[in-house]
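**Q** Before anything else, here's the structure in question.
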Amino acid sequence: MSSNRPELKFSAPNDERGFYNKFISLPEKPDTTIRISDRGDYYTVVGFDAVFVADTVYHTQSVLKNCNLDHGTSKRFGSIPTQYATLSTQVVSTLLKNCLLELGYKVELYDKNWNLLKCASPGNIDQVEDLMNIAVDSPIILASLKLQLNSNDGNCVVGLAFIDAGNQKIGMLDIVDNEVYSNLESCLIQLGVRECLLPDLSKNEANINEIKKITSVLERCNCVATFIKNSEFQAKDVEMDLMKLLGNDLSLSLPKKFSNLALGACNALLNYLEILQGQDSLGKFELVEYSINNIMKLDASAVKALNLFPNNNAQSYMQSNLAASNGYSNSNESKISSLFQLLNNCKTKAGVRLLNEWLKQPLTDLAEINKRHDLVEFLIDQLELRETLQTNYLPSIPDVRRITKKLHKNGNLEDILKIYLFSKKIPDILQLLESFLDGVDGTVNKNIQELVTDLWIDPIQKHIEPLSKFEEMVETTVDLEMYESHNEFMIKVEFNEELAKLRMELDQLRNQITTAHLEAAEDLGFDTEKKLKLENHHLHGWCMRLTRNDAKELRKHKKYIELSTVKAGIYFSTRELKEVAKETAILQKEYEKQQSALVREIVGITLTYTPVLEKLSLVLANQDVLCSFAHASSYAPIPYIRPTMHSLQDTGRKTILKGSRHPVLEVQDDLTFISNDISLEKGSSDFLIITGPNMGGKSTYIRQIGVISLMAQIGCFVPCDEAEISVVDAILCRVGAGDSQLKGVSTFMVEMLETSSILKNATPNSLIIVDELGRGTSTYDGFGLAWAISEHVASKIGCFTLFATHFHELTSLEKKLDNVKNLHVVAHIGSVSATLEGNNSTEDITLLFKVEPGISDQSFGIHVAEVVQFPEKIVKMAKRKANELEDLKNTNKEVKKLKLSPQEMNEGNEKLRTLLKNWVKQCKEEGLDKPENITSEAGQKKIQELLRDMSKESESSNNQFIECITKMLL
């Protein structure tokens with residue numbers, strides 16, 4: 001960001017007073033809405049918004065300036081900070097990106113008199129997308145929903161409508177859901193909804209609790225909730241509106257296909273976006289049919305637990321959780337912290353967006369999964385083809401969606417030429433694919449050749465034919481020679497005499513500019529290619545630039561005028577060059593004005609090719625993502641392998657992985673990953689309980705199974721030595737101790753909500769991953785819940801389940817249910833002398849990170865405390881208390897095993913009281929009456945002597961209670 005921030009200026013005192021008075025009179029807004037005033041060449045934020053911008057964008061409050069207020073206006077500000085900050089266009093772009101795409105804030109853009117110009121929200125960035133100046137990696141989806149409760153069976157129906165304004169697609173569906181709205185959660189994740197419209201039911205006590213539940217679901221999905229009037233959710237006349245939007249009569253059949261709930265939600269969506277007020281969208285939208293049943297369901301916890309996408313906590317999670325659980329500490333932050341980053345070797349923006357979509361929508365259709373695997377295998381085998389595509393062709397493919405969207409708003413010749421160059425590139429890609437298929441006869445089976453032809457070659461061939469007319473039009477009207485030689489975008493002068501005249505004058509002025517550039521190079525002693533740059537600056541027009549280091553030579557000559565200093569260097573000019581640049585700018589505007597009518601006509605013709613261009617872009621995006629999968633599979637630390645897949649309908653479901661690895665963790669620097677096997681088989685080992693030491697790798701193990709299943713179902717190869725995988729219809733997770741205390745939701749409540757969602761959503765074909773269930777409450781309650789939930793899942797649902805726990809008693813479930821199997825992470829335990837306890841020996845643990853059958857009856861939590869260097873006193877105290885509790889636990893176990901009569905219990909208790917009285921009496925007689933002396937070595941010897949005497953007496957009386965106690969204590 002430039003250090004030269006613009007100043008807030010007014011032409012008259014009344015303008016300044018009116019500016020602040022109008023600002024104060026604006027309606028109240030939530031903290032999550034930012035108001036920006038457009039001052040023409042710069043932007044301004046005032047009050048709390050100025051403080052927010054200073055803290056989050058500039059990262060310093062030194063940019064804040066005090067408002068020039070009179071006494072009356074200052075008083076009206078009240079508690080609002082009387083400060084402002086100014087922002088350049090580049091800073092506003094960053095601010096909009098942070099607010100809309102990362103923080104989930106809304107933005108209001110006003111003119112200099114605080115009249116509202118534009119509104120934007122996380123699901124509706126269309127009005128400010130040109131200001132953001134970025135290509136969004138995933139579709140911006142805005143949704144709306146209307147709820148209908150059904151008290152008969154406890155279920156409800158949610159009418160959902162969604163719109164992707166960027167792709168001009170709209171969809172509707174009805175979701176039959178349970179009381180925790182697990183199907184809605186999965187649908188929001190699959191679609192990638194950024195914002196959801198809800199009816200304002202604050203006055204309706206019957207439904208307000210349900211809206212609160214839905215709001216919590218939206219929060220888990222990182223989706224912003226926006227409340228609008230309930231009256232907006234009426235289905236009246238929405239069919240006619242959709243008919244205008246779709247441009248056909250298909251909408252007349254909508255009432256037969258969709259409920260009034262979905263149509264009402266759609267009506268609210270159209271009114272919120274005001275999409276029918278403009279003419280640009282009419283007839284351009286496509287109605288898409290969407291079903292949640294053909295795609296793997298993912299809950300919000302699964303998306304986080306499997307690290308599908310980078311987020312604010314992903315980096316710390318990968319470093320602290322995954323690495324720690326494998327016993328490694330890596331101080332260097334890893335660049336790759338999510339599966340998306342690992343697999344994203346895409347070269348096109350459309351490919352990046354498609355990868356984002358595939359990760360949220362894994363396939364459940366075995367035939368479609370195998371098609372993707374076939375193509376990935378083909379691209380791995382055909383290394384030359386893949387590298388040629390990724391190096392020479394795909395990187396030059398522009399973002400067609402963004403260009404066509406810009407053409408609708410204010411398209412120019414530059415955008416036309418980008419489309420033209422894209423069109424000229426397609427035949428080369430087609431020829432490359434055909435040449436490889438022609439040259440691999442005998443090495444590639446016929447099915448693969450047919451697949452490549454059907455999915456890539458034929459669609460490309462079909463769509464490039466109409467583009468020949470477009471190319472001819474561009475070559476006839478646009479001056480391609482001027483573009484190639486000067487990178488300028490002009491209509492051929494043959495079309496207009498006035499254009500020819502202006503072109504001649506512009507050429508003469510450009511010759512003068514070039515001469516001035518050469519003279520300055522000779523004068524300053526810098527090379528024009530490497531040092532002294534000639535640029536057409538957006539503010540200064542034609543001028544020259546030197547780096548800051550070279551600027552000292554510039555100041556030796558008085559004729560050079562410094563214009564501005566930025567990070568890239570110093571822009572400067574001469575008096576003569578400034579005049580020529582000014583004249584050139586005027587002529588250039590006149591030229592553009594003269595050719596604007598022709599440009600509009602060319603833009604209009606180009607837009608007619610939008611459907612063909614977008615279909616081509618999707619074909620190439622598909623190719624790009626599969627090339628990316630092949631690249632990731634080939635260049636992994638250990639190359640990935642193709643899994644053998646089994647369909648949902650297979651009765652003998654099994655997932656068997658040999659040498660499986662966590663794909664994200666294994667690429668971390670300074671870390672050697674230890675692979676593990678897994679065997680999940682229906683009816684015999686579909687519920688696995690994993691126990692073992694802290695930091696032993698339990699969490700990583702269960703997560704990597706989920707990641708591998710998801711990778712296989714999006715069409716990628718997997719990090720294993722061998723893999724046989726059954727398709728799952730859902731991955732449902734309960735991991736971590738995430739709480740939401742600011743929202744009044746405790747850790748344990750989050751645990752129970754997520755677990756309840758799993759129990760409602762899981763089917764026999766699902767995959768459940770549970771890590772440390774029940775640790776958010778007391779030990780007994782936690783164990784009771786863990787046991788009950790485990791038994792229910794294993795006996796009633798019967799789906800693949802991985803359950804990591806420190807409740808070692810849970811392992812006895814294996815004896816009760818045949819499909820439950822115990823696994824444990826292996827640790828080597830050895831005896832070490834000269835420890836914290838002095839010369840006494842103690843146990844030391846070495847984590848091996850291998851998972852094997854059996855159980856582990858220890859957690860070694862104190863060992864973790866030693867690893868992170870707890871104070872010695874605390875560690876010693878913890879060991880002592882743990883030993884006491886363990887002794888007490890063992891004693892209780894032994895006592896419970898005995899079948900004692902009340903007489904034996906009373907007799908034993910009386911003897912113990914007598915023993916303790918005698919011990920205290922003898923200690924006093926020998927001067928050991930102080931507490932620290934009673935527990936000393938001498939005091940302990942006294943009580944051991946008394947215990948031995950009591951043990952001998954118990955042998956004659958045959959009191960089992962006394963025998964058990966003395967045996968445990970001696």
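For the structure tokens, the naming scheme is as follows: chains receive sequential letters (A, B, ...) according to their order of presentation, residues are indexed from 1 within each chain, and ligands are indexed from 1 in presentation order.
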From a backbone DSSP assignment, name each residue in segment 606-734 of chain A labelled helix (DSSP H, G or I), as a PDB file with N, CA and C atoms, in the first residue's frame.

**A**
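Once written, states07.pdb looks like this:
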```pdb
ATOM      1  N   THR A 606     -19.914 -10.852 -29.617  1.00  0.00           N
ATOM      2  CA  THR A 606     -19.119 -11.796 -28.814  1.00  0.00           C
ATOM      3  C   THR A 606     -19.969 -12.457 -27.734  1.00  0.00           C
ATOM      4  N   LEU A 607     -20.873 -11.687 -27.122  1.00  0.00           N
ATOM      5  CA  LEU A 607     -21.700 -12.235 -26.044  1.00  0.00           C
ATOM      6  C   LEU A 607     -22.626 -13.341 -26.534  1.00  0.00           C
ATOM      7  N   THR A 610     -21.274 -16.720 -25.692  1.00  0.00           N
ATOM      8  CA  THR A 610     -21.029 -17.045 -24.281  1.00  0.00           C
ATOM      9  C   THR A 610     -21.338 -18.499 -23.938  1.00  0.00           C
ATOM     10  N   PRO A 611     -22.494 -19.075 -24.320  1.00  0.00           N
ATOM     11  CA  PRO A 611     -22.761 -20.486 -23.965  1.00  0.00           C
ATOM     12  C   PRO A 611     -21.695 -21.440 -24.494  1.00  0.00           C
ATOM     13  N   VAL A 612     -21.244 -21.206 -25.731  1.00  0.00           N
ATOM     14  CA  VAL A 612     -20.220 -22.085 -26.314  1.00  0.00           C
ATOM     15  C   VAL A 612     -18.911 -21.932 -25.549  1.00  0.00           C
ATOM     16  N   LEU A 613     -18.537 -20.696 -25.234  1.00  0.00           N
ATOM     17  CA  LEU A 613     -17.273 -20.438 -24.533  1.00  0.00           C
ATOM     18  C   LEU A 613     -17.282 -21.071 -23.144  1.00  0.00           C
ATOM     19  N   GLU A 614     -18.407 -20.975 -22.439  1.00  0.00           N
ATOM     20  CA  GLU A 614     -18.475 -21.522 -21.085  1.00  0.00           C
ATOM     21  C   GLU A 614     -18.439 -23.050 -21.093  1.00  0.00           C
ATOM     22  N   LYS A 615     -19.063 -23.657 -22.102  1.00  0.00           N
ATOM     23  CA  LYS A 615     -19.009 -25.123 -22.200  1.00  0.00           C
ATOM     24  C   LYS A 615     -17.588 -25.597 -22.503  1.00  0.00           C
ATOM     25  N   LEU A 616     -16.912 -24.878 -23.348  1.00  0.00           N
ATOM     26  CA  LEU A 616     -15.507 -25.205 -23.616  1.00  0.00           C
ATOM     27  C   LEU A 616     -14.663 -25.043 -22.360  1.00  0.00           C
ATOM     28  N   SER A 617     -14.941 -23.976 -21.633  1.00  0.00           N
ATOM     29  CA  SER A 617     -14.191 -23.733 -20.397  1.00  0.00           C
ATOM     30  C   SER A 617     -14.385 -24.858 -19.394  1.00  0.00           C
ATOM     31  N   LEU A 618     -15.613 -25.406 -19.306  1.00  0.00           N
ATOM     32  CA  LEU A 618     -15.879 -26.508 -18.376  1.00  0.00           C
ATOM     33  C   LEU A 618     -15.165 -27.787 -18.791  1.00  0.00           C
ATOM     34  N   VAL A 619     -15.115 -28.050 -20.106  1.00  0.00           N
ATOM     35  CA  VAL A 619     -14.394 -29.236 -20.590  1.00  0.00           C
ATOM     36  C   VAL A 619     -12.922 -29.136 -20.219  1.00  0.00           C
ATOM     37  N   LEU A 620     -12.351 -27.952 -20.423  1.00  0.00           N
ATOM     38  CA  LEU A 620     -10.930 -27.762 -20.113  1.00  0.00           C
ATOM     39  C   LEU A 620     -10.689 -27.751 -18.604  1.00  0.00           C
ATOM     40  N   ALA A 621     -11.664 -27.267 -17.832  1.00  0.00           N
ATOM     41  CA  ALA A 621     -11.538 -27.297 -16.364  1.00  0.00           C
ATOM     42  C   ALA A 621     -11.505 -28.735 -15.867  1.00  0.00           C
ATOM     43  N   ASN A 622     -12.365 -29.585 -16.437  1.00  0.00           N
ATOM     44  CA  ASN A 622     -12.363 -31.006 -16.097  1.00  0.00           C
ATOM     45  C   ASN A 622     -11.004 -31.622 -16.390  1.00  0.00           C
ATOM     46  N   GLN A 623     -10.473 -31.295 -17.547  1.00  0.00           N
ATOM     47  CA  GLN A 623      -9.145 -31.784 -17.938  1.00  0.00           C
ATOM     48  C   GLN A 623      -8.066 -31.268 -16.994  1.00  0.00           C
ATOM     49  N   ASP A 624      -8.209 -30.008 -16.591  1.00  0.00           N
ATOM     50  CA  ASP A 624      -7.225 -29.383 -15.708  1.00  0.00           C
ATOM     51  C   ASP A 624      -7.200 -30.061 -14.339  1.00  0.00           C
ATOM     52  N   VAL A 625      -8.384 -30.327 -13.773  1.00  0.00           N
ATOM     53  CA  VAL A 625      -8.450 -30.951 -12.445  1.00  0.00           C
ATOM     54  C   VAL A 625      -7.882 -32.371 -12.488  1.00  0.00           C
ATOM     55  N   LEU A 626      -8.209 -33.129 -13.521  1.00  0.00           N
ATOM     56  CA  LEU A 626      -7.705 -34.496 -13.607  1.00  0.00           C
ATOM     57  C   LEU A 626      -6.193 -34.516 -13.852  1.00  0.00           C
ATOM     58  N   CYS A 627      -5.681 -33.536 -14.602  1.00  0.00           N
ATOM     59  CA  CYS A 627      -4.222 -33.385 -14.726  1.00  0.00           C
ATOM     60  C   CYS A 627      -3.597 -33.081 -13.366  1.00  0.00           C
ATOM     61  N   SER A 628      -4.305 -32.263 -12.594  1.00  0.00           N
ATOM     62  CA  SER A 628      -3.821 -31.916 -11.255  1.00  0.00           C
ATOM     63  C   SER A 628      -3.779 -33.137 -10.354  1.00  0.00           C
ATOM     64  N   PHE A 629      -4.818 -33.993 -10.424  1.00  0.00           N
ATOM     65  CA  PHE A 629      -4.819 -35.244  -9.654  1.00  0.00           C
ATOM     66  C   PHE A 629      -3.650 -36.139 -10.070  1.00  0.00           C
ATOM     67  N   ALA A 630      -3.433 -36.236 -11.371  1.00  0.00           N
ATOM     68  CA  ALA A 630      -2.337 -37.076 -11.870  1.00  0.00           C
ATOM     69  C   ALA A 630      -0.998 -36.532 -11.407  1.00  0.00           C
ATOM     70  N   HIS A 631      -0.865 -35.214 -11.409  1.00  0.00           N
ATOM     71  CA  HIS A 631       0.390 -34.589 -10.969  1.00  0.00           C
ATOM     72  C   HIS A 631       0.631 -34.870  -9.487  1.00  0.00           C
ATOM     73  N   ALA A 632      -0.408 -34.644  -8.656  1.00  0.00           N
ATOM     74  CA  ALA A 632      -0.271 -34.878  -7.220  1.00  0.00           C
ATOM     75  C   ALA A 632       0.027 -36.344  -6.925  1.00  0.00           C
ATOM     76  N   SER A 633      -0.609 -37.252  -7.666  1.00  0.00           N
ATOM     77  CA  SER A 633      -0.402 -38.687  -7.446  1.00  0.00           C
ATOM     78  C   SER A 633       1.001 -39.119  -7.837  1.00  0.00           C
ATOM     79  N   SER A 634       1.553 -38.498  -8.872  1.00  0.00           N
ATOM     80  CA  SER A 634       2.877 -38.885  -9.373  1.00  0.00           C
ATOM     81  C   SER A 634       4.000 -38.318  -8.523  1.00  0.00           C
ATOM     82  N   LEU A 665      -0.148 -34.652   5.780  1.00  0.00           N
ATOM     83  CA  LEU A 665       0.910 -34.723   6.788  1.00  0.00           C
ATOM     84  C   LEU A 665       2.216 -35.246   6.212  1.00  0.00           C
ATOM     85  N   GLU A 666       2.159 -36.174   5.274  1.00  0.00           N
ATOM     86  CA  GLU A 666       3.393 -36.784   4.780  1.00  0.00           C
ATOM     87  C   GLU A 666       4.244 -35.813   3.952  1.00  0.00           C
ATOM     88  N   VAL A 667       3.658 -34.681   3.500  1.00  0.00           N
ATOM     89  CA  VAL A 667       4.449 -33.728   2.715  1.00  0.00           C
ATOM     90  C   VAL A 667       5.051 -32.634   3.587  1.00  0.00           C
ATOM     91  N   LYS A 698      -3.351 -41.661  17.141  1.00  0.00           N
ATOM     92  CA  LYS A 698      -4.733 -42.135  16.989  1.00  0.00           C
ATOM     93  C   LYS A 698      -5.537 -41.175  16.109  1.00  0.00           C
ATOM     94  N   SER A 699      -5.430 -39.882  16.398  1.00  0.00           N
ATOM     95  CA  SER A 699      -6.217 -38.893  15.657  1.00  0.00           C
ATOM     96  C   SER A 699      -5.842 -38.882  14.183  1.00  0.00           C
ATOM     97  N   THR A 700      -4.554 -38.929  13.912  1.00  0.00           N
ATOM     98  CA  THR A 700      -4.106 -38.945  12.522  1.00  0.00           C
ATOM     99  C   THR A 700      -4.609 -40.191  11.807  1.00  0.00           C
ATOM    100  N   TYR A 701      -4.556 -41.310  12.485  1.00  0.00           N
ATOM    101  CA  TYR A 701      -4.950 -42.590  11.882  1.00  0.00           C
ATOM    102  C   TYR A 701      -6.409 -42.564  11.432  1.00  0.00           C
ATOM    103  N   ILE A 702      -7.301 -42.132  12.334  1.00  0.00           N
ATOM    104  CA  ILE A 702      -8.721 -42.172  11.972  1.00  0.00           C
ATOM    105  C   ILE A 702      -9.047 -41.114  10.921  1.00  0.00           C
ATOM    106  N   ARG A 703      -8.370 -39.976  10.968  1.00  0.00           N
ATOM    107  CA  ARG A 703      -8.627 -38.937   9.964  1.00  0.00           C
ATOM    108  C   ARG A 703      -8.151 -39.371   8.578  1.00  0.00           C
ATOM    109  N   GLN A 704      -6.988 -40.032   8.522  1.00  0.00           N
ATOM    110  CA  GLN A 704      -6.455 -40.370   7.203  1.00  0.00           C
ATOM    111  C   GLN A 704      -7.340 -41.374   6.480  1.00  0.00           C
ATOM    112  N   ILE A 705      -8.078 -42.189   7.225  1.00  0.00           N
ATOM    113  CA  ILE A 705      -9.009 -43.118   6.579  1.00  0.00           C
ATOM    114  C   ILE A 705     -10.121 -42.324   5.894  1.00  0.00           C
ATOM    115  N   GLY A 706     -10.618 -41.301   6.583  1.00  0.00           N
ATOM    116  CA  GLY A 706     -11.651 -40.457   5.992  1.00  0.00           C
ATOM    117  C   GLY A 706     -11.145 -39.700   4.773  1.00  0.00           C
ATOM    118  N   VAL A 707      -9.928 -39.156   4.866  1.00  0.00           N
ATOM    119  CA  VAL A 707      -9.349 -38.408   3.745  1.00  0.00           C
ATOM    120  C   VAL A 707      -9.160 -39.319   2.538  1.00  0.00           C
ATOM    121  N   ILE A 708      -8.677 -40.532   2.774  1.00  0.00           N
ATOM    122  CA  ILE A 708      -8.432 -41.472   1.667  1.00  0.00           C
ATOM    123  C   ILE A 708      -9.747 -41.858   0.993  1.00  0.00           C
ATOM    124  N   SER A 709     -10.783 -42.110   1.773  1.00  0.00           N
ATOM    125  CA  SER A 709     -12.083 -42.433   1.182  1.00  0.00           C
ATOM    126  C   SER A 709     -12.597 -41.281   0.331  1.00  0.00           C
ATOM    127  N   LEU A 710     -12.463 -40.073   0.841  1.00  0.00           N
ATOM    128  CA  LEU A 710     -12.932 -38.909   0.080  1.00  0.00           C
ATOM    129  C   LEU A 710     -12.117 -38.719  -1.196  1.00  0.00           C
ATOM    130  N   MET A 711     -10.794 -38.863  -1.104  1.00  0.00           N
ATOM    131  CA  MET A 711      -9.951 -38.731  -2.299  1.00  0.00           C
ATOM    132  C   MET A 711     -10.364 -39.735  -3.369  1.00  0.00           C
ATOM    133  N   ALA A 712     -10.635 -40.954  -2.953  1.00  0.00           N
ATOM    134  CA  ALA A 712     -11.020 -41.977  -3.925  1.00  0.00           C
ATOM    135  C   ALA A 712     -12.331 -41.615  -4.611  1.00  0.00           C
ATOM    136  N   GLN A 713     -13.271 -41.011  -3.860  1.00  0.00           N
ATOM    137  CA  GLN A 713     -14.588 -40.736  -4.421  1.00  0.00           C
ATOM    138  C   GLN A 713     -14.658 -39.429  -5.206  1.00  0.00           C
ATOM    139  N   ILE A 714     -13.620 -38.597  -5.136  1.00  0.00           N
ATOM    140  CA  ILE A 714     -13.577 -37.446  -6.049  1.00  0.00           C
ATOM    141  C   ILE A 714     -12.827 -37.799  -7.327  1.00  0.00           C
TER     142      ILE A 714
END
```

**Q** So that I can see what lies close to Ile605 of chain A, please list as a PDB file with C-alpha atoms, in the first residue's frame the residues with an atom at most 9 Å from it, counting only C-alpha atoms and leaving out residues fewer than 5 positions away in the same chain.

**A**
```pdb
ATOM      1  CA  PHE A 470     -16.135 -15.188 -34.183  1.00  0.00           C
ATOM      2  CA  MET A 473     -15.142 -11.156 -37.135  1.00  0.00           C
ATOM      3  CA  ARG A 600     -20.216  -2.103 -28.495  1.00  0.00           C
TER       4      ARG A 600
END
```

**Q** Between A:Ile80, A:Leu242, A:Ile638, A:Leu282, which one has atoms that come closest to Pro719 of chain A, using only C-alpha atoms?

**A**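 Closest to Pro719 of chain A, using only C-alpha atoms: A:Ile638.
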
**Q** Which is closest to Arg372 of chain A among A:Leu269, A:Leu101, A:Leu451, A:Val176, if we use only C-alpha atoms?

**A**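 Smallest separation from Arg372 of chain A among the options: A:Leu451.
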
**Q** Using only C-alpha atoms, determine which residues lie at most 10 Å from Gly47 of chain A, disregarding the query and same-chain residues fewer than 5 positions distant; provide the list as a ChimeraX atom specification.

**A** /A:23-24,35,52,64,66-67,77,79-85

**Q** Could you save the residues just selected, with C-alpha atoms, as a short mmCIF file (atom, residue, chain, number, x, y, z; two decimals), in the first residue's frame?

**A**
```cif
data_model
loop_
_atom_site.label_atom_id
_atom_site.label_comp_id
_atom_site.auth_asym_id
_atom_site.auth_seq_id
_atom_site.Cartn_x
_atom_site.Cartn_y
_atom_site.Cartn_z
CA PHE A 23 -23.36 10.49 8.02
CA ILE A 24 -24.80 10.85 11.52
CA ARG A 35 -20.01 1.88 5.11
CA PHE A 52 -11.95 -1.14 11.86
CA LEU A 64 -6.70 7.84 11.42
CA ASN A 66 -9.64 13.74 13.28
CA CYS A 67 -12.81 15.03 11.67
CA PHE A 77 -21.51 12.03 17.14
CA SER A 79 -19.96 7.74 21.41
CA ILE A 80 -18.96 7.35 17.75
CA PRO A 81 -15.22 8.01 17.18
CA THR A 82 -14.77 11.37 15.46
CA GLN A 83 -12.10 10.05 13.12
CA TYR A 84 -11.86 9.16 9.46
CA ALA A 85 -9.51 7.29 7.15
#
```

**Q** Just the number, please: distance in Å from atom CA of Cys799 of chain A to atom CA of Leu359 of chain A, one decimal.

**A**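 Straight-line distance from atom CA of Cys799 of chain A to atom CA of Leu359 of chain A works out to 22.3 Å.
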
**Q** Could you give me, as a Markdown table, a per-residue list for segment 355-431 of chain A showing, wherever an atom lies at most 10 Å from an atom of segment 477-499 of chain A, the closest pair of atoms and their distance in Å to one decimal, using only C-alpha atoms and sorting by chain then residue number from low to high?

**A**
```
| residue | atom | partner | partner_atom | distance |
| --- | --- | --- | --- | --- |
| A:Asn412 | CA | A:Phe489 | CA | 8.6 |
| A:Leu413 | CA | A:Phe489 | CA | 5.8 |
| A:Glu414 | CA | A:Phe489 | CA | 6.1 |
| A:Asp415 | CA | A:Phe489 | CA | 9.6 |
| A:Ile416 | CA | A:Val478 | CA | 9.3 |
| A:Leu417 | CA | A:Phe489 | CA | 8.3 |
```

**Q** Mind pulling up the distance from atom CA of Arg39 of chain A to atom CA of Leu539 of chain A?

**A**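 It comes out at 16.2 Å.
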
**Q** Would you mind reading off the distance between atom CA of Ile189 of chain A and atom CA of Cys221 of chain A, one decimal, in Å?

**A**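 Taking atom CA of Ile189 of chain A and atom CA of Cys221 of chain A, their separation equals 6.5 Å.
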